[in-house]
$ cat data.tsv   # TSV, C-alpha atoms
chain	number	residue	atom	x	y	z
E	290	MET	CA	-13.03	2.88	-0.30
E	291	SER	CA	-9.85	4.10	1.35
E	292	VAL	CA	-7.57	2.95	4.17
E	293	GLU	CA	-9.20	5.61	6.36
E	294	SER	CA	-12.72	4.42	5.51
E	295	ILE	CA	-11.82	0.87	6.57
E	296	ASP	CA	-10.19	2.23	9.74
E	297	HIS	CA	-13.43	4.11	10.37
E	298	TYR	CA	-15.49	0.99	9.62
E	299	LEU	CA	-13.52	-1.01	12.17
E	300	ARG	CA	-13.94	1.71	14.81
E	301	SER	CA	-17.70	2.01	14.19
E	302	PRO	CA	-20.01	0.09	16.54
E	303	LYS	CA	-21.38	-2.90	14.67
E	304	ARG	CA	-23.80	-5.75	15.27
E	305	LEU	CA	-24.48	-9.14	13.79
E	306	ALA	CA	-27.91	-9.28	12.15
E	307	GLY	CA	-30.40	-12.09	12.34
E	308	ILE	CA	-30.39	-15.67	13.48
E	309	ALA	CA	-27.77	-17.81	11.79
E	310	ASP	CA	-27.19	-21.53	11.68
E	311	TRP	CA	-24.53	-23.91	10.40
E	312	TRP	CA	-24.63	-25.28	6.87
E	313	ALA	CA	-22.31	-27.47	4.79
E	314	GLY	CA	-19.66	-25.27	3.15
E	315	ASN	CA	-18.15	-25.45	-0.31
E	316	GLY	CA	-14.89	-26.89	0.89
E	317	HIS	CA	-13.70	-30.23	2.21
E	318	GLU	CA	-15.95	-31.37	5.06
E	319	ASP	CA	-16.39	-27.86	6.41
E	320	GLN	CA	-19.39	-26.22	8.03
E	321	ARG	CA	-20.16	-22.50	7.92
E	322	ILE	CA	-22.14	-19.96	9.77
E	323	LYS	CA	-22.49	-16.42	8.49
E	324	TRP	CA	-24.00	-13.19	9.79
E	325	ALA	CA	-24.55	-9.91	8.02
E	326	VAL	CA	-22.67	-7.16	9.86
E	327	THR	CA	-24.72	-4.01	10.34
E	328	ILE	CA	-24.02	-0.42	11.25
E	329	GLN	CA	-27.22	1.37	12.26
E	330	HIS	CA	-29.26	-1.35	10.55
E	331	GLU	CA	-27.38	-1.08	7.26
E	332	ASN	CA	-25.48	-4.07	5.99
E	333	HIS	CA	-21.74	-3.56	5.75
E	334	GLY	CA	-19.83	-6.79	5.27
E	335	ASP	CA	-20.25	-10.16	6.87
E	336	LEU	CA	-18.72	-12.36	9.53
E	337	THR	CA	-18.17	-16.03	8.75
E	338	ILE	CA	-17.00	-18.90	10.93
E	339	THR	CA	-15.73	-21.96	9.08
E	340	TRP	CA	-15.61	-25.06	11.27
E	341	PHE	CA	-13.87	-28.33	10.41
E	342	PRO	CA	-15.82	-30.98	12.34
E	343	ASN	CA	-13.70	-33.94	11.22
E	344	SER	CA	-10.39	-32.38	12.21
E	345	PRO	CA	-8.63	-34.38	14.96
E	346	VAL	CA	-7.86	-31.07	16.69
E	347	GLU	CA	-10.16	-28.07	17.19
E	348	ARG	CA	-9.86	-26.09	13.98
E	349	PHE	CA	-11.80	-23.09	12.66
E	350	LYS	CA	-11.50	-19.74	10.93
E	351	ILE	CA	-13.26	-16.49	11.78
E	352	VAL	CA	-13.36	-13.94	8.95
E	353	LEU	CA	-14.66	-10.38	8.76
E	354	ALA	CA	-15.07	-9.57	5.07
E	355	LEU	CA	-16.32	-6.54	3.20
E	356	PRO	CA	-15.28	-8.53	0.97
E	357	PRO	CA	-12.37	-9.15	0.71
E	358	ALA	CA	-11.41	-10.24	4.20
E	359	ILE	CA	-9.98	-7.53	6.43
E	360	TRP	CA	-9.57	-9.45	9.71
E	361	ARG	CA	-9.14	-13.18	10.28
E	362	ILE	CA	-8.33	-15.75	12.93
E	363	ASP	CA	-6.85	-19.06	11.77
E	364	TYR	CA	-7.35	-21.35	14.74
E	365	ASP	CA	-5.33	-24.53	14.22
E	366	PRO	CA	-2.52	-25.80	16.47
E	367	ASN	CA	-0.84	-27.32	13.39
E	368	ASP	CA	-0.82	-24.14	11.29
E	369	ARG	CA	2.45	-22.55	10.22
E	370	HIS	CA	2.72	-18.99	9.05
E	371	PRO	CA	5.86	-17.10	7.97
E	372	ASN	CA	5.53	-13.32	7.72
E	373	PRO	CA	7.14	-11.57	4.74
E	374	LEU	CA	10.78	-10.58	5.25
E	375	SER	CA	9.73	-6.94	4.98
E	376	THR	CA	7.91	-7.40	8.26
E	377	ILE	CA	7.25	-4.45	10.54
E	378	PRO	CA	9.36	-4.57	13.74
E	379	ALA	CA	6.58	-5.59	16.14
E	380	LEU	CA	5.72	-8.72	14.16
E	381	PRO	CA	7.35	-12.12	14.60
E	382	ARG	CA	10.21	-12.79	12.21
E	383	GLY	CA	10.31	-16.56	12.44
E	384	ILE	CA	7.62	-19.01	11.43
E	385	ILE	CA	4.53	-18.67	13.63
E	386	LEU	CA	3.58	-22.14	14.85
E	387	GLY	CA	-0.08	-22.70	15.60
E	388	SER	CA	-3.13	-20.45	15.79
E	389	HIS	CA	-2.65	-16.89	14.61
E	390	PHE	CA	-4.58	-13.83	13.48
E	391	HIS	CA	-4.35	-11.52	10.49
E	392	ALA	CA	-5.30	-8.03	11.67
E	393	TRP	CA	-6.21	-5.17	9.36
E	394	GLU	CA	-3.85	-2.93	11.30
E	395	ASP	CA	-0.90	-5.15	10.31
E	396	ASN	CA	-1.96	-5.37	6.66
E	397	ARG	CA	-3.45	-1.96	5.84
E	398	HIS	CA	-0.16	-0.81	4.28
E	399	LEU	CA	-0.73	-3.45	1.56
E	400	MET	CA	-3.79	-1.61	0.24
E	401	LYS	CA	-3.46	-0.41	-3.34
E	402	GLY	CA	-5.85	2.02	-4.98
E	403	ASN	CA	-9.26	1.83	-3.41
E	404	MET	CA	-9.42	-1.93	-2.88
E	405	PRO	CA	-8.44	-3.62	0.37
E	406	PRO	CA	-5.56	-6.07	-0.02
E	407	PRO	CA	-6.93	-9.46	-1.07
E	408	ARG	CA	-4.12	-11.18	0.82
E	409	LEU	CA	-3.63	-10.59	4.52
E	410	ARG	CA	-0.01	-11.68	4.49
E	411	PHE	CA	0.99	-10.42	7.93
E	412	ALA	CA	-0.02	-12.27	11.08
E	413	ARG	CA	0.64	-12.54	14.80
E	414	PRO	CA	0.28	-15.52	17.12
E	415	LEU	CA	-3.04	-15.73	18.92
E	416	PRO	CA	-2.62	-14.87	22.63
E	417	ALA	CA	-2.12	-18.06	24.61
E	418	ASP	CA	-5.08	-17.35	26.91
E	419	ILE	CA	-7.54	-17.19	24.02
E	420	SER	CA	-8.69	-20.74	23.46
E	421	GLY	CA	-11.72	-22.33	21.79
E	422	LEU	CA	-14.43	-21.02	19.50
E	423	HIS	CA	-16.45	-18.87	21.86
E	424	ALA	CA	-13.44	-17.18	23.47
E	425	CYS	CA	-11.96	-16.50	20.04
E	426	LEU	CA	-15.22	-15.06	18.72
E	427	ARG	CA	-15.55	-12.73	21.72
E	428	TRP	CA	-11.90	-11.65	21.38
E	429	PHE	CA	-12.28	-11.16	17.62
E	430	CYS	CA	-15.47	-9.12	17.97
E	431	GLN	CA	-13.90	-6.91	20.64
E	432	HIS	CA	-11.07	-6.10	18.24
E	433	VAL	CA	-13.35	-5.21	15.34
E	434	ASN	CA	-16.03	-3.48	17.44
E	435	ILE	CA	-18.88	-5.91	16.92
E	436	ALA	CA	-21.33	-6.17	19.81
E	437	LEU	CA	-22.30	-9.76	20.41
E	438	ASP	CA	-25.16	-9.12	22.83
E	439	GLY	CA	-28.26	-10.82	21.51
E	440	THR	CA	-26.26	-13.03	19.14
E	441	THR	CA	-26.53	-16.75	19.71
E	442	VAL	CA	-23.94	-19.11	18.25
E	443	PRO	CA	-25.47	-22.57	17.84
E	444	PRO	CA	-23.18	-25.43	18.94
E	445	PRO	CA	-20.80	-26.31	16.10
E	446	PRO	CA	-21.55	-29.57	14.30
E	447	SER	CA	-19.87	-32.77	15.48
E	448	ALA	CA	-17.75	-35.02	13.31
E	449	ASP	CA	-19.76	-36.68	10.56
E	450	ARG	CA	-17.37	-39.56	9.96
E	451	LEU	CA	-15.58	-41.93	12.29
E	452	LEU	CA	-12.14	-41.76	10.68
P	107	MET	CA	32.21	-29.32	0.87
P	108	ASN	CA	29.45	-30.16	3.36
P	109	CYS	CA	26.40	-28.01	3.80
P	110	PRO	CA	26.82	-25.88	6.98
P	111	ASN	CA	24.74	-26.99	9.97
P	112	THR	CA	22.88	-23.69	10.11
P	113	ILE	CA	21.61	-24.12	6.59
P	114	GLN	CA	20.85	-27.81	7.09
P	115	GLN	CA	18.83	-27.01	10.21
P	116	ALA	CA	16.95	-24.23	8.44
P	117	VAL	CA	16.04	-26.49	5.56
P	118	SER	CA	14.99	-29.40	7.74
P	119	SER	CA	12.85	-27.11	9.93
P	120	LEU	CA	10.76	-26.20	6.91
P	121	VAL	CA	9.27	-29.63	6.43
P	122	GLY	CA	7.90	-32.07	8.96
P	123	CYS	CA	5.43	-34.84	9.57
P	124	ALA	CA	3.14	-35.55	12.54
P	125	PRO	CA	0.25	-37.96	13.23
P	126	TYR	CA	-3.12	-36.45	12.30
P	127	GLY	CA	-6.31	-38.44	12.66
P	128	ASP	CA	-6.17	-41.43	10.35
P	129	GLY	CA	-3.08	-40.15	8.57
P	130	PHE	CA	-0.04	-37.91	8.86
P	131	LEU	CA	0.15	-34.15	8.44
P	132	VAL	CA	3.08	-33.05	6.28
P	133	HIS	CA	4.29	-29.43	6.28
P	134	THR	CA	5.57	-28.33	2.89
P	135	THR	CA	7.52	-25.35	1.59
P	136	CYS	CA	4.57	-24.04	-0.44
P	137	LEU	CA	2.60	-20.98	0.71
P	138	TYR	CA	-1.03	-19.95	0.22
P	139	PRO	CA	-1.81	-16.34	-0.79
P	140	SER	CA	-1.85	-15.08	2.80
P	141	ASN	CA	1.48	-16.84	3.51
P	142	ASP	CA	0.02	-19.77	5.44
P	143	VAL	CA	2.04	-22.94	4.84
P	144	VAL	CA	0.45	-25.57	2.59
P	145	GLN	CA	-0.02	-28.80	4.52
P	146	VAL	CA	-0.99	-32.15	3.05
P	147	ILE	CA	-2.30	-35.30	4.68
P	148	VAL	CA	-0.75	-38.63	3.76
P	149	ARG	CA	-2.87	-41.71	4.42
P	150	GLY	CA	-2.10	-45.38	3.91
P	151	GLY	CA	0.90	-47.51	4.77
P	152	ALA	CA	3.15	-50.33	3.57
P	153	ASN	CA	3.32	-49.59	-0.14
P	154	GLU	CA	0.09	-47.74	-0.89
P	155	PHE	CA	-0.55	-44.09	-0.05
P	156	THR	CA	-2.86	-41.21	-0.93
P	157	VAL	CA	-2.04	-37.53	-0.50
P	158	SER	CA	-4.68	-34.83	0.06
P	159	ASP	CA	-4.55	-31.08	0.62
P	160	ASN	CA	-7.44	-31.56	3.07
P	161	GLY	CA	-9.41	-28.80	1.41
P	162	GLY	CA	-6.63	-26.29	2.03
P	163	ALA	CA	-6.96	-24.52	-1.34
P	164	ILE	CA	-10.66	-23.79	-0.93
P	165	ALA	CA	-10.20	-22.83	2.72
P	166	ALA	CA	-7.46	-20.37	1.72
P	167	ILE	CA	-9.61	-18.80	-1.02
P	168	GLU	CA	-12.66	-18.48	1.19
P	169	ALA	CA	-10.66	-17.18	4.12
P	170	ALA	CA	-9.91	-14.22	1.88
P	171	GLY	CA	-13.63	-13.46	1.83
P	172	VAL	CA	-14.32	-15.02	-1.56
P	173	ASP	CA	-17.32	-17.37	-1.82
P	174	LEU	CA	-16.36	-20.24	-4.11
P	175	ILE	CA	-19.88	-21.21	-5.16
P	176	ALA	CA	-18.73	-23.97	-7.51
P	177	GLY	CA	-16.63	-25.53	-4.74
P	178	GLY	CA	-14.13	-28.16	-5.89
P	179	LYS	CA	-15.26	-27.93	-9.54
P	180	SER	CA	-13.41	-24.62	-9.75
P	181	LEU	CA	-10.13	-26.38	-9.00
P	182	ARG	CA	-10.21	-29.07	-11.68
P	183	LYS	CA	-8.37	-27.02	-14.26
P	184	TYR	CA	-5.31	-26.85	-12.01
P	185	ILE	CA	-4.91	-30.55	-11.42
P	186	GLN	CA	-5.89	-32.53	-14.47
P	187	THR	CA	-2.53	-32.49	-16.25
P	188	GLN	CA	-0.76	-33.60	-13.06
P	189	GLY	CA	-2.77	-36.81	-12.69
P	190	LEU	CA	-4.49	-35.51	-9.56
P	191	LYS	CA	-8.21	-35.28	-8.73
P	192	VAL	CA	-10.63	-33.17	-6.71
P	193	GLU	CA	-12.84	-35.06	-4.29
P	194	ARG	CA	-15.31	-33.37	-1.95
P	195	GLY	CA	-13.43	-30.09	-2.13
P	196	ALA	CA	-9.96	-31.55	-1.58
P	197	ILE	CA	-7.14	-31.90	-4.11
P	198	SER	CA	-5.80	-35.44	-3.84
P	199	SER	CA	-3.58	-37.97	-5.52
P	200	PRO	CA	-4.60	-41.40	-6.71
P	201	LYS	CA	-3.10	-44.32	-4.77
P	202	VAL	CA	0.67	-44.22	-5.15
P	203	SER	CA	3.60	-46.43	-4.15
P	204	ALA	CA	6.28	-45.48	-1.62
P	205	GLU	CA	8.53	-44.65	-4.56
P	206	GLN	CA	5.94	-42.21	-5.99
P	207	LEU	CA	5.04	-40.70	-2.61
P	208	PRO	CA	7.55	-37.78	-2.69
P	209	VAL	CA	6.28	-36.79	-6.14
P	210	ALA	CA	2.65	-37.02	-5.01
P	211	ILE	CA	3.35	-34.77	-2.00
P	212	LEU	CA	5.09	-32.21	-4.23
P	213	LEU	CA	2.34	-32.23	-6.85
P	214	VAL	CA	-0.57	-31.98	-4.42
P	215	ALA	CA	1.08	-29.18	-2.42
P	216	ASN	CA	1.97	-27.19	-5.52
P	217	ALA	CA	-1.44	-27.71	-7.14
P	218	SER	CA	-3.14	-26.55	-3.94
P	219	GLN	CA	-0.93	-23.47	-3.80
P	220	GLU	CA	-1.40	-22.66	-7.49
P	221	ALA	CA	-5.16	-23.13	-7.35
P	222	ALA	CA	-5.49	-20.75	-4.39
P	223	HIS	CA	-3.26	-18.07	-5.97
P	224	ARG	CA	-4.84	-18.23	-9.42
P	225	GLU	CA	-8.43	-18.39	-8.23
P	226	MET	CA	-7.88	-15.32	-6.08
P	227	GLU	CA	-6.29	-13.47	-8.99
P	228	SER	CA	-9.27	-14.26	-11.21
P	229	ARG	CA	-11.83	-13.46	-8.50
P	230	LYS	CA	-10.34	-10.00	-8.12
P	231	LEU	CA	-11.50	-9.31	-11.64
P	232	LYS	CA	-15.02	-10.60	-11.03
P	233	PRO	CA	-16.51	-8.66	-8.16
P	234	THR	CA	-19.91	-8.39	-9.88
P	235	ARG	CA	-21.70	-11.04	-7.87
P	236	ASP	CA	-20.54	-9.67	-4.53
P	237	PHE	CA	-21.54	-6.14	-5.52
P	238	LYS	CA	-25.00	-7.14	-6.69
P	239	HIS	CA	-25.42	-9.01	-3.43
P	240	MET	CA	-24.52	-5.85	-1.48
P	241	VAL	CA	-27.01	-3.74	-3.43
P	242	GLU	CA	-29.70	-6.39	-3.07
P	243	THR	CA	-29.14	-6.72	0.67
P	244	LEU	CA	-29.45	-2.98	1.12
P	245	LEU	CA	-32.66	-2.76	-0.92
P	246	LEU	CA	-34.27	-5.73	0.80
P	247	GLN	CA	-33.42	-4.33	4.23
P	248	ARG	CA	-34.91	-0.94	3.40
P	249	PHE	CA	-37.85	-2.02	1.27
P	250	PRO	CA	-38.51	-5.70	1.99
P	251	ASP	CA	-42.05	-5.69	0.56
P	252	ARG	CA	-41.41	-3.40	-2.38
P	253	THR	CA	-38.21	-4.75	-3.92
P	254	GLU	CA	-38.33	-7.01	-6.98
P	255	LYS	CA	-35.44	-8.73	-8.73
P	256	HIS	CA	-35.01	-8.87	-12.50
P	257	LEU	CA	-38.03	-6.80	-13.51
P	258	THR	CA	-38.43	-6.98	-17.28
P	259	VAL	CA	-39.15	-3.68	-19.05
P	260	VAL	CA	-39.76	-3.23	-22.77
P	261	GLY	CA	-37.72	-0.35	-24.17
P	262	GLU	CA	-38.58	2.14	-26.87
P	263	SER	CA	-37.07	-0.21	-29.46
P	264	THR	CA	-39.43	-2.98	-28.23
P	265	LYS	CA	-36.43	-4.93	-26.94
P	266	GLN	CA	-36.88	-6.39	-23.45
P	267	TYR	CA	-34.44	-5.63	-20.63
P	268	LYS	CA	-34.10	-7.16	-17.21
P	269	PHE	CA	-33.22	-4.62	-14.56
P	270	ASP	CA	-31.32	-5.91	-11.54
P	271	TYR	CA	-33.80	-4.47	-9.03
P	272	ALA	CA	-37.05	-2.53	-8.98
P	273	VAL	CA	-38.60	-0.74	-6.00
P	274	ARG	CA	-42.26	0.25	-6.24
P	275	SER	CA	-43.34	3.46	-4.51
P	276	ALA	CA	-46.76	4.21	-3.03
P	277	ASP	CA	-47.65	6.61	-5.87
P	278	GLY	CA	-47.08	3.95	-8.53
P	279	ARG	CA	-43.60	5.00	-9.64
P	280	VAL	CA	-40.99	2.28	-10.13
P	281	LEU	CA	-37.34	2.83	-9.26
P	282	LEU	CA	-35.21	0.76	-11.65
P	283	VAL	CA	-31.73	0.03	-10.34
P	284	ASP	CA	-28.81	-1.53	-12.18
P	285	ALA	CA	-25.71	-2.47	-10.15
P	286	VAL	CA	-22.57	-2.02	-12.24
P	287	THR	CA	-18.91	-2.96	-11.82
P	288	PRO	CA	-16.03	-1.57	-13.91
P	289	ASP	CA	-15.98	-4.13	-16.70
P	290	TYR	CA	-17.03	-3.55	-20.28
P	291	SER	CA	-19.96	-5.95	-20.48
P	292	SER	CA	-21.47	-4.72	-17.22
P	293	ILE	CA	-21.20	-1.07	-18.33
P	294	ALA	CA	-22.43	-1.66	-21.88
P	295	SER	CA	-25.52	-3.66	-20.92
P	296	ALA	CA	-26.55	-1.15	-18.24
P	297	VAL	CA	-26.15	1.85	-20.56
P	298	LEU	CA	-28.03	0.17	-23.42
P	299	ALA	CA	-30.96	-0.93	-21.26
P	300	ASN	CA	-31.30	2.41	-19.50
P	301	LEU	CA	-31.07	4.44	-22.73
P	302	ASP	CA	-33.76	2.42	-24.43
P	303	VAL	CA	-36.12	2.60	-21.44
P	304	ARG	CA	-35.41	6.31	-20.96
P	305	ASN	CA	-36.45	6.91	-24.57
P	306	LEU	CA	-39.95	5.75	-23.63
P	307	ASN	CA	-40.32	9.09	-21.77
P	308	ASP	CA	-42.47	7.26	-19.25
P	309	ASP	CA	-42.48	9.31	-16.04
P	310	HIS	CA	-43.42	6.40	-13.87
P	311	PHE	CA	-39.95	4.88	-14.31
P	312	VAL	CA	-37.16	6.41	-12.20
P	313	GLN	CA	-33.83	5.02	-13.38
P	314	ARG	CA	-30.56	4.90	-11.49
P	315	ILE	CA	-27.25	3.15	-12.07
P	316	VAL	CA	-25.34	2.29	-8.90
P	317	TYR	CA	-21.64	1.76	-9.43
P	318	ASP	CA	-19.16	-0.01	-7.18
P	319	ASP	CA	-16.93	2.80	-5.92
P	320	ARG	CA	-14.75	0.36	-3.99
P	321	MET	CA	-13.17	-0.34	-7.38
P	322	PRO	CA	-11.03	1.97	-9.54
P	323	TRP	CA	-13.06	3.56	-12.37
P	324	LYS	CA	-12.02	5.51	-15.45
P	325	ALA	CA	-13.71	8.92	-15.54
P	326	GLU	CA	-14.94	8.29	-19.08
P	327	ASP	CA	-16.73	5.11	-17.98
P	328	ILE	CA	-18.65	7.05	-15.33
P	329	VAL	CA	-19.60	9.58	-18.01
P	330	LEU	CA	-20.71	6.72	-20.26
P	331	LEU	CA	-22.88	5.32	-17.47
P	332	HIS	CA	-24.43	8.73	-16.98
P	333	ASN	CA	-25.60	8.66	-20.61
P	334	GLY	CA	-27.84	5.78	-19.64
P	335	ALA	CA	-29.22	7.08	-16.33
P	336	PRO	CA	-28.15	9.21	-13.37
P	337	THR	CA	-25.39	7.44	-11.47
P	338	ILE	CA	-24.92	6.94	-7.74
P	339	PRO	CA	-21.73	5.63	-6.10
P	340	TYR	CA	-22.54	2.74	-3.79
P	341	SER	CA	-21.15	4.63	-0.79
P	342	GLU	CA	-23.94	7.21	-1.24
P	343	PHE	CA	-26.68	4.83	-2.35
P	344	SER	CA	-28.12	4.33	1.11
P	345	HIS	CA	-28.59	8.08	1.63
P	346	SER	CA	-30.25	8.48	-1.76
P	347	LEU	CA	-32.75	5.69	-1.32
P	348	ASP	CA	-35.30	7.37	0.93
P	349	ARG	CA	-35.79	10.24	-1.49
P	350	LEU	CA	-35.82	8.03	-4.58
P	351	ALA	CA	-38.24	5.40	-3.35
P	352	ALA	CA	-40.48	7.64	-1.22
$ encode --input "data.tsv" --output "structure tokens"
Amino acid sequence: MSVESIDHYLRSPKRLAGIADWWAGNGHEDQRIKWAVTIQHENHGDLTITWFPNSPVERFKIVLALPPAIWRIDYDPNDRHPNPLSTIPALPRGIILGSHFHAWEDNRHLMKGNMPPPRLRFARPLPADISGLHACLRWFCQHVNIALDGTTVPPPPSADRLL
Amino acid sequence: MNCPNTIQQAVSSLVGCAPYGDGFLVHTTCLYPSNDVVQVIVRGGANEFTVSDNGGAIAAIEAAGVDLIAGGKSLRKYIQTQGLKVERGAISSPKVSAEQLPVAILLVANASQEAAHREMESRKLKPTRDFKHMVETLLLQRFPDRTEKHLTVVGESTKQYKFDYAVRSADGRVLLVDAVTPDYSSIASAVLANLDVRNLNDDHFVQRIVYDDRMPWKAEDIVLLHNGAPTIPYSEFSHSLDRLAA
């Protein structure tokens, strides 16, 4: 696997396979939904949404992984993310406050050998007009060339505790 | 000499505290592997508090595309000597006094950070499960009714071997597939099993070793694999399947 092959993968038209549903994740009170990503009916990677139903604010992650992850949205108004000091000029230099995304294009230079970088250290703030799970998923899929037609996202689970 | 305002402001901007559900969200100076700031939740009041990473370590690991099947159990080794615990996937402190609260915040934040960094380092070396899953997914998509997992074959030495996958063809041949990653035990077991079965000279077995070409390989290890059975890089496996399992 090379930088160019991942670039090509991201440019290739992709779909989400099958009918997915939420299940309890391995983490702390999280819920997951996962689809296999296909190119011409062959499985190449997966897309996972992790939802935190007990969070007092809307909070989720969307991850495209081969694995490892090559594109991710961290949706959380309380998040903080500093980019490395060696940041490329177009990226924010201060601490990003709130929701942000880690794009392959901003992290591909971290690739060593033939493995994608396991850490997507560089991020940008999520555009202010992209808000909520469905808008984020559409925006994310547009950027990574995944067609969502025919894919249904079941409503995310509600909080399972009062406090 | 007083600390200059610029530096004081920079330092104070790094940490903060805000209401969050039934507790307070505290920003720390620790960073997860992808540079996201470690945040902890402090609950309680008066003179009794608990501190939790709110599942941040596991979320950080899994956001990197790593499935942490064992969940919170994987994190225990990072917290036991610090007097912390793992509960429902979150690293947390026991109940502490106001005097102990700063220490509890420091320990939870650092344990969360360390757990995420070290788990990701160790997972990098163990891609076997993900690779087998990829091979399995491909086989089941192409041959859903003809793919078997862990088919046991008795080799020429009479020793039994479990092959990762077997695909049965219409003419009775069986394609035996082992999925291999570049670590010694994975290579050695695949070569041994394939050699012993090959020595049967049974034409109805077609053997192939699929290796994970996303990973760096030594040339001599590929040659070693080839001593067991013909090898196929994963990136070409899909193209080879129709011919092999026809």
$ atom_distance --input "data.tsv" --atom1 "CA of Thr376 in chain E" --atom2 "CA of Ala354 in chain E"
23.3 Å
$ interface_residues --input "data.tsv" --of "chain P" --to "chain E" --cutoff "8 Å" --atoms "all atoms listed in the file" --output "ChimeraX atom specification"
/P:126-128,139-143,160-161,164-165,169-172,174-178,194-196,226,230,236,240,243-244,247,319-322
$ atom_distance --input "data.tsv" --atom1 "CA of Gln320 in chain E" --atom2 "CA of Leu437 in chain E"
20.8 Å
$ closest_residue --input "data.tsv" --among "E:Ile328, E:Ala424, E:Val442, E:Ala436" --to "Ile308 in chain E" --atoms "all atoms listed in the file"
E:Val442
$ atom_distance --input "data.tsv" --atom1 "CA of His239 in chain P" --atom2 "CA of Asp318 in chain P"
11.6 Å
$ residues_around --input "data.tsv" --residues "Val316 in chain P" --least-positions-apart "6" --cutoff "9 Å" --atoms "all atoms listed in the file" --output "PyMOL selection string"
chain P and resi 241+283-287+336-340+343
$ closest_residue --input "data.tsv" --among "E:Leu299, E:Met400, E:Ile419, E:Leu374" --to "Ser388 in chain E" --atoms "all atoms listed in the file"
E:Ile419
$ residues_near_point --input "data.tsv" --point "(-14.9, -22.7, 14.8)" --cutoff "9 Å" --atoms "all atoms listed in the file" --output "ChimeraX atom specification"
/E:320-321,338-342,347-351,364,421-423,425-426,445
$ closest_residue --input "data.tsv" --among "E:Pro366, E:Val433, E:Ile295, E:Ala379" --to "Ala417 in chain E" --atoms "all atoms listed in the file"
E:Pro366
$ closest_residue --input "data.tsv" --among "P:Ala294, P:Leu350, P:Cys123, P:Ala276" --to "Val312 in chain P" --atoms "all atoms listed in the file"
P:Leu350
$ closest_residue --input "data.tsv" --among "P:Ala116, P:Ile211, P:Leu181, P:Ala166" --to "His133 in chain P" --atoms "only C-alpha atoms"
P:Ile211
$ axis_aligned_box --input "data.tsv" --around "range 406-415 of chain E" --padding-each-side "6 Å" --output "JSON"
{"center_x": -3.0, "center_y": -10.9, "center_z": 8.9, "size_x": 19.9, "size_y": 21.7, "size_z": 32.0}
$ residues_around --input "data.tsv" --residues "Thr134 in chain P" --least-positions-apart "3" --cutoff "12 Å" --atoms "all atoms listed in the file" --output "number ranges by chain"
E: 368-370; P: 117-123, 131, 137-138, 142-147, 159, 208, 211-216, 218-219
$ residues_around --input "data.tsv" --residues "Tyr184 in chain P" --least-positions-apart "6" --cutoff "10 Å" --atoms "all atoms listed in the file" --output "mmCIF file with C-alpha atoms, keeping the file's coordinate frame"
data_model
loop_
_atom_site.group_PDB
_atom_site.id
_atom_site.type_symbol
_atom_site.label_atom_id
_atom_site.label_comp_id
_atom_site.auth_asym_id
_atom_site.auth_seq_id
_atom_site.Cartn_x
_atom_site.Cartn_y
_atom_site.Cartn_z
ATOM 1 C CA LEU P 190 -4.490 -35.510 -9.560
ATOM 2 C CA LYS P 191 -8.210 -35.280 -8.730
ATOM 3 C CA VAL P 192 -10.630 -33.170 -6.710
ATOM 4 C CA ILE P 197 -7.140 -31.900 -4.110
ATOM 5 C CA ASN P 216 1.970 -27.190 -5.520
ATOM 6 C CA ALA P 217 -1.440 -27.710 -7.140
ATOM 7 C CA SER P 218 -3.140 -26.550 -3.940
ATOM 8 C CA GLN P 219 -0.930 -23.470 -3.800
ATOM 9 C CA GLU P 220 -1.400 -22.660 -7.490
ATOM 10 C CA ALA P 221 -5.160 -23.130 -7.350
ATOM 11 C CA ALA P 222 -5.490 -20.750 -4.390
ATOM 12 C CA ARG P 224 -4.840 -18.230 -9.420
ATOM 13 C CA GLU P 225 -8.430 -18.390 -8.230
#
$ residues_around --input "data.tsv" --residues "Ala296 in chain P" --least-positions-apart "4" --cutoff "12 Å" --atoms "only C-alpha atoms" --output "JSON, numbers by chain"
{"P": [267, 268, 269, 270, 282, 283, 284, 285, 286, 287, 288, 289, 290, 291, 292, 300, 301, 302, 303, 304, 313, 314, 315, 316, 317, 327, 328, 330, 331, 332, 333, 334, 335, 336, 337]}
$ residues_around --input "data.tsv" --residues "Ser203 in chain P" --least-positions-apart "6" --cutoff "9 Å" --atoms "only C-alpha atoms" --output "ChimeraX atom specification"
/P:152-156
$ decode --input "data.tsv" --residues "range 413-429 of chain E" --atoms "C-alpha atoms" --output "tab-separated table (two decimals), in the first residue's frame"
chain	number	residue	atom	x	y	z
E	413	ARG	CA	-9.02	21.37	10.70
E	414	PRO	CA	-12.15	22.81	12.29
E	415	LEU	CA	-15.40	21.42	10.92
E	416	PRO	CA	-17.17	24.03	8.75
E	417	ALA	CA	-19.68	25.94	10.86
E	418	ASP	CA	-22.60	25.08	8.58
E	419	ILE	CA	-22.09	21.33	9.02
E	420	SER	CA	-24.07	20.39	12.09
E	421	GLY	CA	-25.52	17.13	13.43
E	422	LEU	CA	-25.01	13.49	12.56
E	423	HIS	CA	-26.75	13.26	9.20
E	424	ALA	CA	-25.23	16.45	7.79
E	425	CYS	CA	-21.78	15.35	8.97
E	426	LEU	CA	-22.18	11.90	7.44
E	427	ARG	CA	-23.24	13.36	4.09
E	428	TRP	CA	-20.35	15.85	4.17
E	429	PHE	CA	-17.88	13.12	5.18
